[in-house]
Amino acid sequence: MADTIEQISEKIRDLQRQLEQRLEARRARFDYTIRKGRVIFEREIRKRQRQFRIGLLRYISNPSWPVVLTAPFIYALIIPLVLLDIFVAIYQLTCFPAYGIARVRRADYIAIDRHHLAYLNGLEKLNCVYCGYANGLLAMVSEVASRTEAYWCPIKHARRLAATHQRYPAFADYGDAEHYRARLAELRAEVARLERDAPRDAG
């Protein structure tokens, strides 16, 4: 059964690689390059994009009242998100070196680049920066948590979950007392390998 699960997991990873290749091919259609982390569009492309921009005054002149009323609750989440960011950064800096686990690189998860799109107005760009930060941060925190769980408690749950992280399929089966210790050692070795393979400037 373990071999079958591993084979299925490898097929999923292969499909993810194929999906990324297809997405990369689609990106090439829109003619931009990335230089030193910055998205660069050719001047003519930016000019064409601006033709589709809705001006800020026009954009806010006919507001949706449910959006207006709920916006403060959406933007207020920036406070717990920033606090989460700070505490997870401290956690990684203090705990991961002690465990021999590679720290998760923010740049691998948090992308702030949609504000380079000329067809967005200022408010849309602000919203996109917020979404990019919030979703990237939560994905990064999930990776931090998954590495921690793989080190300390790599056991599947008794019931099926709606979503799990990428390491979960390799966890020991719930109730498998015979193989748990061996699986724990294997997964700790894996996260230790991440530390050895991590770039020097990781973190």
# chains A, B, ... in the order shown; residues from 1 in each chain; ligands from 1
call {"tool": "closest_atom_pairs", "arguments": {"of": "region 71-100 of chain A", "to": "region 147-164 of chain A", "cutoff": "10 Å", "atoms": "only C-alpha atoms", "output": "Markdown table"}}
result
| residue | atom | partner | partner_atom | distance |
| --- | --- | --- | --- | --- |
| A:Gln92 | CA | A:Thr148 | CA | 9.9 |
| A:Cys95 | CA | A:Thr148 | CA | 9.6 |
| A:Phe96 | CA | A:Thr148 | CA | 8.4 |
| A:Tyr99 | CA | A:Tyr151 | CA | 8.1 |
| A:Gly100 | CA | A:Tyr151 | CA | 9.7 |
call {"tool": "write_last_selection", "arguments": {"atoms": "C-alpha atoms", "output": "PDB file, in the first residue's frame"}}
result
ATOM      1  CA  GLN A  92      11.818  29.962  12.147  1.00  0.00           C
ATOM      2  CA  CYS A  95      13.475  26.808  16.329  1.00  0.00           C
ATOM      3  CA  PHE A  96      14.346  25.575  12.856  1.00  0.00           C
ATOM      4  CA  TYR A  99      15.842  21.063  14.648  1.00  0.00           C
ATOM      5  CA  GLY A 100      18.097  21.108  11.590  1.00  0.00           C
TER       6      GLY A 100
END
call {"tool": "select_by_dssp", "arguments": {"residues": "region 34-120 of chain A", "states": "helix (DSSP H, G or I)", "output": "ChimeraX atom specification"}}
result
/A:43-50,56-61,65-76,78-99,106-108,114-116
call {"tool": "residues_around", "arguments": {"residues": "Asp85 (chain A)", "least_positions_apart": "3", "cutoff": "10 Å", "atoms": "only C-alpha atoms", "output": "MDAnalysis selection string"}}
result
chainID A and resid 79:82 88:91 106 134 137:138 140:141
call {"tool": "write_last_selection", "arguments": {"atoms": "C-alpha atoms", "output": "PDB file, in the first residue's frame"}}
result
ATOM      1  CA  ILE A  79      -3.093  43.482  11.555  1.00  0.00           C
ATOM      2  CA  PRO A  80      -3.269  39.755  12.480  1.00  0.00           C
ATOM      3  CA  LEU A  81      -1.551  38.864   9.201  1.00  0.00           C
ATOM      4  CA  VAL A  82       1.443  41.085   9.955  1.00  0.00           C
ATOM      5  CA  VAL A  88       6.446  32.879  12.289  1.00  0.00           C
ATOM      6  CA  ALA A  89       9.684  34.645  11.300  1.00  0.00           C
ATOM      7  CA  ILE A  90      10.845  34.557  14.945  1.00  0.00           C
ATOM      8  CA  TYR A  91       9.781  30.901  15.206  1.00  0.00           C
ATOM      9  CA  ARG A 106       9.506  34.189   1.789  1.00  0.00           C
ATOM     10  CA  ALA A 134      -2.082  37.523   2.433  1.00  0.00           C
ATOM     11  CA  LEU A 137       1.950  34.504   3.662  1.00  0.00           C
ATOM     12  CA  LEU A 138      -0.622  31.821   4.472  1.00  0.00           C
ATOM     13  CA  MET A 140       4.376  30.108   3.523  1.00  0.00           C
ATOM     14  CA  VAL A 141       3.012  29.512   7.023  1.00  0.00           C
TER      15      VAL A 141
END
call {"tool": "atom_distance", "arguments": {"atom1": "CA of Gly132 (chain A)", "atom2": "CA of Pro169 (chain A)"}}
result
27.7 Å
call {"tool": "closest_residue", "arguments": {"among": "A:Ile74, A:Ile8, A:Ile45, A:Ala25", "to": "Ala118 (chain A)", "atoms": "only C-alpha atoms"}}
result
A:Ile45
call {"tool": "atom_distance", "arguments": {"atom1": "CA of Arg50 (chain A)", "atom2": "CA of Val129 (chain A)"}}
result
18.8 Å
call {"tool": "atom_distance", "arguments": {"atom1": "CA of Leu117 (chain A)", "atom2": "CA of Leu15 (chain A)"}}
result
29.3 Å
call {"tool": "residues_around", "arguments": {"residues": "Ala111 (chain A)", "least_positions_apart": "3", "cutoff": "7 Å", "atoms": "only C-alpha atoms", "output": "compact mmCIF listing (two decimals) with N, CA and C atoms, in the first residue's frame"}}
result
# COMPACT_ATOMS: atom_id res chain seq x y z
N ALA A 107 10.42 34.61 -0.43
CA ALA A 107 10.32 34.90 -1.85
C ALA A 107 9.75 33.75 -2.66
N GLY A 132 -1.93 39.32 -2.74
CA GLY A 132 -0.68 38.62 -2.96
C GLY A 132 0.06 38.37 -1.66
N TYR A 133 0.06 39.38 -0.78
CA TYR A 133 0.73 39.23 0.50
C TYR A 133 0.00 38.22 1.39
N GLY A 136 0.08 34.59 -0.10
CA GLY A 136 1.46 34.10 -0.08
C GLY A 136 1.92 33.81 1.33
call {"tool": "closest_residue", "arguments": {"among": "A:Arg13, A:Glu124, A:Ile40, A:Val144", "to": "Val104 (chain A)", "atoms": "only C-alpha atoms"}}
result
A:Val144
call {"tool": "select_by_dssp", "arguments": {"residues": "region 36-80 of chain A", "states": "strand (DSSP E)", "output": "list in words"}}
result
Arg38, Val39, Ile40 and Phe41 of chain A
call {"tool": "write_last_selection", "arguments": {"atoms": "C-alpha atoms", "output": "PDB file, in the first residue's frame"}}
result
ATOM      1  CA  ARG A  38      10.938  43.104 -11.352  1.00  0.00           C
ATOM      2  CA  VAL A  39       8.377  42.505 -14.104  1.00  0.00           C
ATOM      3  CA  ILE A  40       9.188  44.425 -17.283  1.00  0.00           C
ATOM      4  CA  PHE A  41       6.691  44.999 -20.091  1.00  0.00           C
TER       5      PHE A  41
END
call {"tool": "closest_residue", "arguments": {"among": "A:Ala192, A:His115, A:Lys11, A:Phe73", "to": "Pro97 (chain A)", "atoms": "only C-alpha atoms"}}
result
A:Ala192
call {"tool": "residues_around", "arguments": {"residues": "Ile60 (chain A)", "least_positions_apart": "4", "cutoff": "12 Å", "atoms": "only C-alpha atoms", "output": "list in words"}}
result
Ile54, Gly55, Leu56, Ser64, Trp65, Val67, Val68, Asn121, Gly122, Leu123 and Glu124 of chain A
